[in-house]
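Note sheet for the following structure.
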2 protein chains.
Amino acid sequence: MTTLSAIEENYLKYILQLGEMQNGNVKTNDLAYKLEHSAASVTDMLKRLADKNLVVYKKYYGVSLTKSGLKIAVKILRKHRLWETFLAKKLKFTWDKIHVIAEQLEHVQSDELIDKMDEFLGFPKFDPHGDPIPDKHGNISLPNVVSLADAKMKKQYTLQNVNDDSAAFLKYLNKIQLQLNDKIKIIDKEEFDETIQITINDKKQLTISKDAAKNLFVKSI
Amino acid sequence: MTTLSAIEENYLKYILQLGEMQNGNVKTNDLAYKLEHSAASVTDMLKRLADKNLVVYKKYYGVSLTKSGLKIAVKILRKHRLWETFLAKKLKFTWDKIHVIAEQLEHVQSDELIDKMDEFLGFPKFDPHGDPIPDKHGNISLPNVVSLADAKMKKQYTLQNVNDDSAAFLKYLNKIQLQLNDKIKIIDKEEFDETIQITINDKKQLTISKDAAKNLFVKSI
DNA sequence: TGTAATTTTTAAGCGAACTTAAAAATTTTT
DNA sequence: AAAAATTTTTAAGTTCGCTTAAAAATTACA
Ligand SMILES: [Mn+2]
Ligand SMILES: [Mn+2]
Ligand SMILES: [Mn+2]
Ligand SMILES: [Mn+2]
């Protein structure tokens, strides 16, 4: 098995991530949007990935990962999240800057490097955004979280996970001083504009938009 | 200035390194050999780099770096050597494995990453092979060393620098337990096969080939 | 100095990864 | 169920970074 290009690896990674909500099947346009490429380019590449037995591609229907495609995708995710952890914990980058750098580092080819990095970091289970880091064998501990947009009123939650691919969103969280593991309680929901009122650690009270809430994932306590 | 591809960066890096002995001018075939590409490919790329004002290319004569080409080349060298230092010092890689991984890492684009890494490592002046690490401004401290192949008999030297691009050579140094800063004295040179006899730290005595000696750089003490 | 050997460039072409425009298939709306 | 809208594929073309083969320039040497 010859090594894949960075763009091929990205396709596999995004097919994994976009497929999580749609039982594995991903549409051409969704990939095109994510990759910022034309739909024609995506069709082109999907055929080539299918030739390499990394995906199952059915015309006009969609694409999903094969066993070997999944294995590679999970490995890229593992590398991405280990690198993010390194950048934040060791190099003291803020969490809004690490994603774009990890997008490059995740494509460095060296199994020994990944494992040494994992050990250097003390085998972390989650990255700085709360995303689970797959272990050496590809096992991921999937924590059961719910989007804050779907959470119930008056219940106590803790912030477990935030969407990491918008630096602007993460900077906003810095500004309102919302961090992982903070306690969150919804005290009111506004019908009119779908904003929600929350308290953080039973102290600060603030209003956040539906859009922000969708990118925050919480666990009940 | 749009960012360069990894292969363009490699061209600049190799033009810098190959040019060091020939007052900056590098021949097409030397690059072809180093890159393991055909001479035709090299001619092709040199024209494109010249269009971008990164090199001065004169047909049938050779190529050299412009001011901006040099700046980029030195930066790649800085990144390469910082990454090698990180891999050896922090991740405990042996010195024969770090070069190939750094060949990939040197192309990651992030100025903040380089500087944070530099700080994390304590602003090292030399990499694990004794190569000088250019500082943030591109300044390199050039230590005056001489190849052991050209060193004088009976004089005391210390090993300052070893050629890092052959893993086999570095493994050989591991085997004979020769390390940076070891004291070396030439006690005999054999005319017939050009091997030389040395003592290490005034204790171990051993015979090394001309080829090995050419890749060892020493400083007199 | 003329010829041979070597080096370098030019020419033509290829695969990967993109594009836009047009055609075809699918889905939605009426 | 037909028409309209949307999605996806196909077709044709581009750039980058490579190749081989042939031509041209340079260098070596008899
Ligand atoms: Mn990320
Ligand atoms: Mn993350
Ligand atoms: Mn190196
Ligand atoms: Mn080195």
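Chain labels A, B, ... are given in the sequence in which chains occur in the structure tokens; within each chain residues are numbered consecutively from 1, and ligands are likewise numbered from 1 in the order shown.
Near chain D, counting only C-alpha atoms (C1' of nucleotides) at 8 Å, the chain B residues are Ser38, Ser41 and Tyr60 of chain B.
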For the selection you just gave me, I'd like the residues written to a file as a compact mmCIF listing (two decimals), in the first residue's frame, keeping C-alpha atoms.
```txt
# COMPACT_ATOMS: atom_id res chain seq x y z
CA SER B 38 16.01 13.84 -14.19
CA SER B 41 12.94 18.22 -14.49
CA TYR B 60 24.37 25.99 -19.14
```
Item to check | Surroundings of ligand 1 up to 12 Å, based on only C-alpha atoms (C1' of nucleotides) and all ligand atoms, as number ranges by chain | outcome: A: 13-14, 17, 76-85, 87-88, 95-106, 126-133, 161-167, 170
Item to check | Residue list (helix (DSSP H, G or I), DSSP) for stretch 51-196 of chain A, as an MDAnalysis selection string | outcome: chainID A and resid 51 67:89 98:105 111:120 148:150 167:175
Export of the given selection (N, CA and C atoms) as a compact mmCIF listing (two decimals), in the first residue's frame:
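The new file result-v9.txt reads:
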```txt
# COMPACT_ATOMS: atom_id res chain seq x y z
N ASP A 51 -11.18 3.26 -6.76
CA ASP A 51 -10.22 2.39 -7.45
C ASP A 51 -9.20 1.80 -6.48
N LYS A 67 -13.29 -0.72 5.02
CA LYS A 67 -12.56 -1.03 6.24
C LYS A 67 -11.19 -0.36 6.25
N SER A 68 -10.46 -0.48 5.14
CA SER A 68 -9.11 0.11 5.12
C SER A 68 -9.18 1.63 5.04
N GLY A 69 -10.21 2.17 4.39
CA GLY A 69 -10.40 3.62 4.36
C GLY A 69 -10.68 4.16 5.75
N LEU A 70 -11.50 3.45 6.49
CA LEU A 70 -11.83 3.86 7.86
C LEU A 70 -10.61 3.87 8.75
N LYS A 71 -9.80 2.82 8.59
CA LYS A 71 -8.59 2.70 9.41
C LYS A 71 -7.68 3.91 9.21
N ILE A 72 -7.51 4.30 7.96
CA ILE A 72 -6.67 5.46 7.66
C ILE A 72 -7.30 6.74 8.20
N ALA A 73 -8.61 6.90 8.00
CA ALA A 73 -9.31 8.11 8.47
C ALA A 73 -9.16 8.27 9.98
N VAL A 74 -9.31 7.18 10.71
CA VAL A 74 -9.20 7.24 12.17
C VAL A 74 -7.78 7.62 12.58
N LYS A 75 -6.82 7.10 11.83
CA LYS A 75 -5.42 7.41 12.12
C LYS A 75 -5.13 8.90 11.92
N ILE A 76 -5.70 9.48 10.88
CA ILE A 76 -5.52 10.91 10.63
C ILE A 76 -6.12 11.72 11.78
N LEU A 77 -7.30 11.30 12.21
CA LEU A 77 -7.96 11.96 13.34
C LEU A 77 -7.10 11.87 14.59
N ARG A 78 -6.55 10.69 14.82
CA ARG A 78 -5.65 10.50 15.97
C ARG A 78 -4.47 11.45 15.88
N LYS A 79 -3.85 11.53 14.72
CA LYS A 79 -2.70 12.41 14.57
C LYS A 79 -3.09 13.87 14.76
N HIS A 80 -4.20 14.25 14.14
CA HIS A 80 -4.68 15.64 14.26
C HIS A 80 -4.86 16.03 15.73
N ARG A 81 -5.51 15.17 16.46
CA ARG A 81 -5.84 15.52 17.84
C ARG A 81 -4.65 15.42 18.78
N LEU A 82 -3.72 14.51 18.48
CA LEU A 82 -2.49 14.47 19.28
C LEU A 82 -1.67 15.73 19.03
N TRP A 83 -1.57 16.13 17.78
CA TRP A 83 -0.82 17.35 17.47
C TRP A 83 -1.47 18.57 18.13
N GLU A 84 -2.80 18.64 18.10
CA GLU A 84 -3.48 19.76 18.75
C GLU A 84 -3.15 19.79 20.24
N THR A 85 -3.14 18.61 20.84
CA THR A 85 -2.83 18.52 22.26
C THR A 85 -1.40 18.99 22.53
N PHE A 86 -0.48 18.56 21.68
CA PHE A 86 0.90 19.00 21.81
C PHE A 86 1.02 20.52 21.71
N LEU A 87 0.37 21.07 20.70
CA LEU A 87 0.47 22.52 20.47
C LEU A 87 -0.07 23.31 21.67
N ALA A 88 -1.17 22.83 22.23
CA ALA A 88 -1.78 23.55 23.35
C ALA A 88 -1.01 23.32 24.65
N LYS A 89 -0.76 22.05 24.97
CA LYS A 89 -0.15 21.71 26.26
C LYS A 89 1.33 22.07 26.35
N ILE A 98 -4.76 26.19 17.10
CA ILE A 98 -4.11 24.89 16.90
C ILE A 98 -4.69 24.09 15.74
N HIS A 99 -5.95 24.28 15.44
CA HIS A 99 -6.59 23.45 14.40
C HIS A 99 -5.92 23.60 13.03
N VAL A 100 -5.70 24.83 12.61
CA VAL A 100 -5.13 25.03 11.27
C VAL A 100 -3.71 24.47 11.15
N ILE A 101 -2.95 24.55 12.23
CA ILE A 101 -1.59 23.99 12.18
C ILE A 101 -1.65 22.47 12.16
N ALA A 102 -2.56 21.90 12.97
CA ALA A 102 -2.71 20.44 13.00
C ALA A 102 -3.19 19.90 11.65
N GLU A 103 -3.89 20.73 10.89
CA GLU A 103 -4.32 20.30 9.55
C GLU A 103 -3.12 19.96 8.67
N GLN A 104 -2.00 20.62 8.94
CA GLN A 104 -0.78 20.29 8.20
C GLN A 104 -0.05 19.12 8.85
N LEU A 105 0.10 19.19 10.16
CA LEU A 105 0.91 18.19 10.86
C LEU A 105 0.32 16.79 10.78
N ASP A 111 4.85 6.39 11.81
CA ASP A 111 4.14 5.72 12.90
C ASP A 111 4.86 5.89 14.23
N GLU A 112 6.20 5.81 14.15
CA GLU A 112 6.98 5.95 15.37
C GLU A 112 6.77 7.35 15.99
N LEU A 113 6.65 8.34 15.11
CA LEU A 113 6.43 9.71 15.60
C LEU A 113 5.11 9.82 16.36
N ILE A 114 4.05 9.25 15.82
CA ILE A 114 2.75 9.32 16.49
C ILE A 114 2.82 8.69 17.87
N ASP A 115 3.40 7.50 17.91
CA ASP A 115 3.41 6.78 19.18
C ASP A 115 4.31 7.46 20.22
N LYS A 116 5.45 7.98 19.75
CA LYS A 116 6.34 8.70 20.68
C LYS A 116 5.64 9.97 21.19
N MET A 117 4.92 10.63 20.30
CA MET A 117 4.19 11.85 20.69
C MET A 117 3.11 11.50 21.72
N ASP A 118 2.39 10.43 21.46
CA ASP A 118 1.35 9.96 22.37
C ASP A 118 1.92 9.75 23.77
N GLU A 119 3.05 9.08 23.82
CA GLU A 119 3.71 8.80 25.10
C GLU A 119 4.18 10.10 25.76
N PHE A 120 4.79 10.97 24.96
CA PHE A 120 5.30 12.26 25.45
C PHE A 120 4.18 13.06 26.12
N LEU A 148 -25.86 21.66 23.20
CA LEU A 148 -26.54 22.56 24.13
C LEU A 148 -27.85 23.08 23.54
N ALA A 149 -27.92 23.10 22.22
CA ALA A 149 -29.15 23.53 21.54
C ALA A 149 -30.30 22.55 21.81
N ASP A 150 -29.96 21.31 22.12
CA ASP A 150 -30.98 20.29 22.39
C ASP A 150 -31.12 19.98 23.88
N ALA A 167 -12.04 29.34 14.25
CA ALA A 167 -11.21 30.10 15.18
C ALA A 167 -12.03 31.24 15.79
N ALA A 168 -12.92 31.83 14.97
CA ALA A 168 -13.74 32.94 15.46
C ALA A 168 -14.62 32.49 16.63
N PHE A 169 -15.21 31.30 16.49
CA PHE A 169 -16.07 30.77 17.55
C PHE A 169 -15.27 30.55 18.84
N LEU A 170 -14.09 29.98 18.70
CA LEU A 170 -13.25 29.70 19.88
C LEU A 170 -12.78 30.99 20.55
N LYS A 171 -12.50 31.99 19.74
CA LYS A 171 -12.12 33.29 20.30
C LYS A 171 -13.29 33.90 21.07
N TYR A 172 -14.47 33.69 20.53
CA TYR A 172 -15.69 34.17 21.21
C TYR A 172 -15.82 33.49 22.58
N LEU A 173 -15.54 32.19 22.62
CA LEU A 173 -15.61 31.48 23.90
C LEU A 173 -14.57 32.03 24.88
N ASN A 174 -13.39 32.36 24.37
CA ASN A 174 -12.37 32.98 25.21
C ASN A 174 -12.91 34.28 25.80
N LYS A 175 -13.55 35.06 24.94
CA LYS A 175 -14.04 36.37 25.35
C LYS A 175 -15.09 36.27 26.46
```
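Note that the spacing between atom CA of B:Met153 and atom CA of B:Lys185 amounts to 7.1 Å.
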Next on the checklist: Please check the contacts: residues of chain C at most 10 Å away from chain B, using only C-alpha atoms (C1' of nucleotides), listed as a VMD selection string.
Outcome noted: chain C and resid 7 to 10
Checklist entry - stretch 7-206 of chain A: which residues are strand (DSSP E or B) by DSSP, as a PyMOL selection string? => result chain A and resi 26+55-58+62-65+126+132+146-147+156-162+183-189+196-200+204-206
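Distance annotation: of A:Ser110, A:Lys183, A:Tyr157, A:Val145, the residue with the minimal separation from chain B is A:Ser110; atom set is only C-alpha atoms.
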Item to check | Long-range neighbours of A:Leu206 as a PyMOL selection string, 9 Å cut-off, only C-alpha atoms (C1' of nucleotides), 2 positions minimum in chain | outcome: chain A and resi 176+196-200+204+208
Can you spit out the residues from that selection as a short mmCIF file (atom, residue, chain, number, x, y, z; two decimals), in the first residue's frame, using N, CA and C atoms?
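File part-v5.cif, as written:
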```cif
data_model
loop_
_atom_site.label_atom_id
_atom_site.label_comp_id
_atom_site.auth_asym_id
_atom_site.auth_seq_id
_atom_site.Cartn_x
_atom_site.Cartn_y
_atom_site.Cartn_z
N ILE A 176 -16.02 35.33 26.28
CA ILE A 176 -17.06 35.19 27.31
C ILE A 176 -16.57 34.28 28.45
N ILE A 196 -30.64 31.54 23.98
CA ILE A 196 -30.88 30.91 25.28
C ILE A 196 -30.06 31.60 26.36
N GLN A 197 -30.66 31.62 27.53
CA GLN A 197 -30.03 32.23 28.71
C GLN A 197 -29.40 31.12 29.53
N ILE A 198 -28.12 31.26 29.85
CA ILE A 198 -27.49 30.24 30.68
C ILE A 198 -26.75 30.86 31.85
N THR A 199 -26.47 30.02 32.86
CA THR A 199 -25.53 30.43 33.90
C THR A 199 -24.29 29.55 33.77
N ILE A 200 -23.13 30.15 34.02
CA ILE A 200 -21.86 29.42 33.98
C ILE A 200 -21.36 29.28 35.40
N LYS A 204 -21.81 33.59 36.61
CA LYS A 204 -22.09 34.44 35.46
C LYS A 204 -23.36 34.00 34.72
N ILE A 208 -26.76 33.38 24.82
CA ILE A 208 -26.03 32.94 23.63
C ILE A 208 -27.01 32.58 22.52
#
```
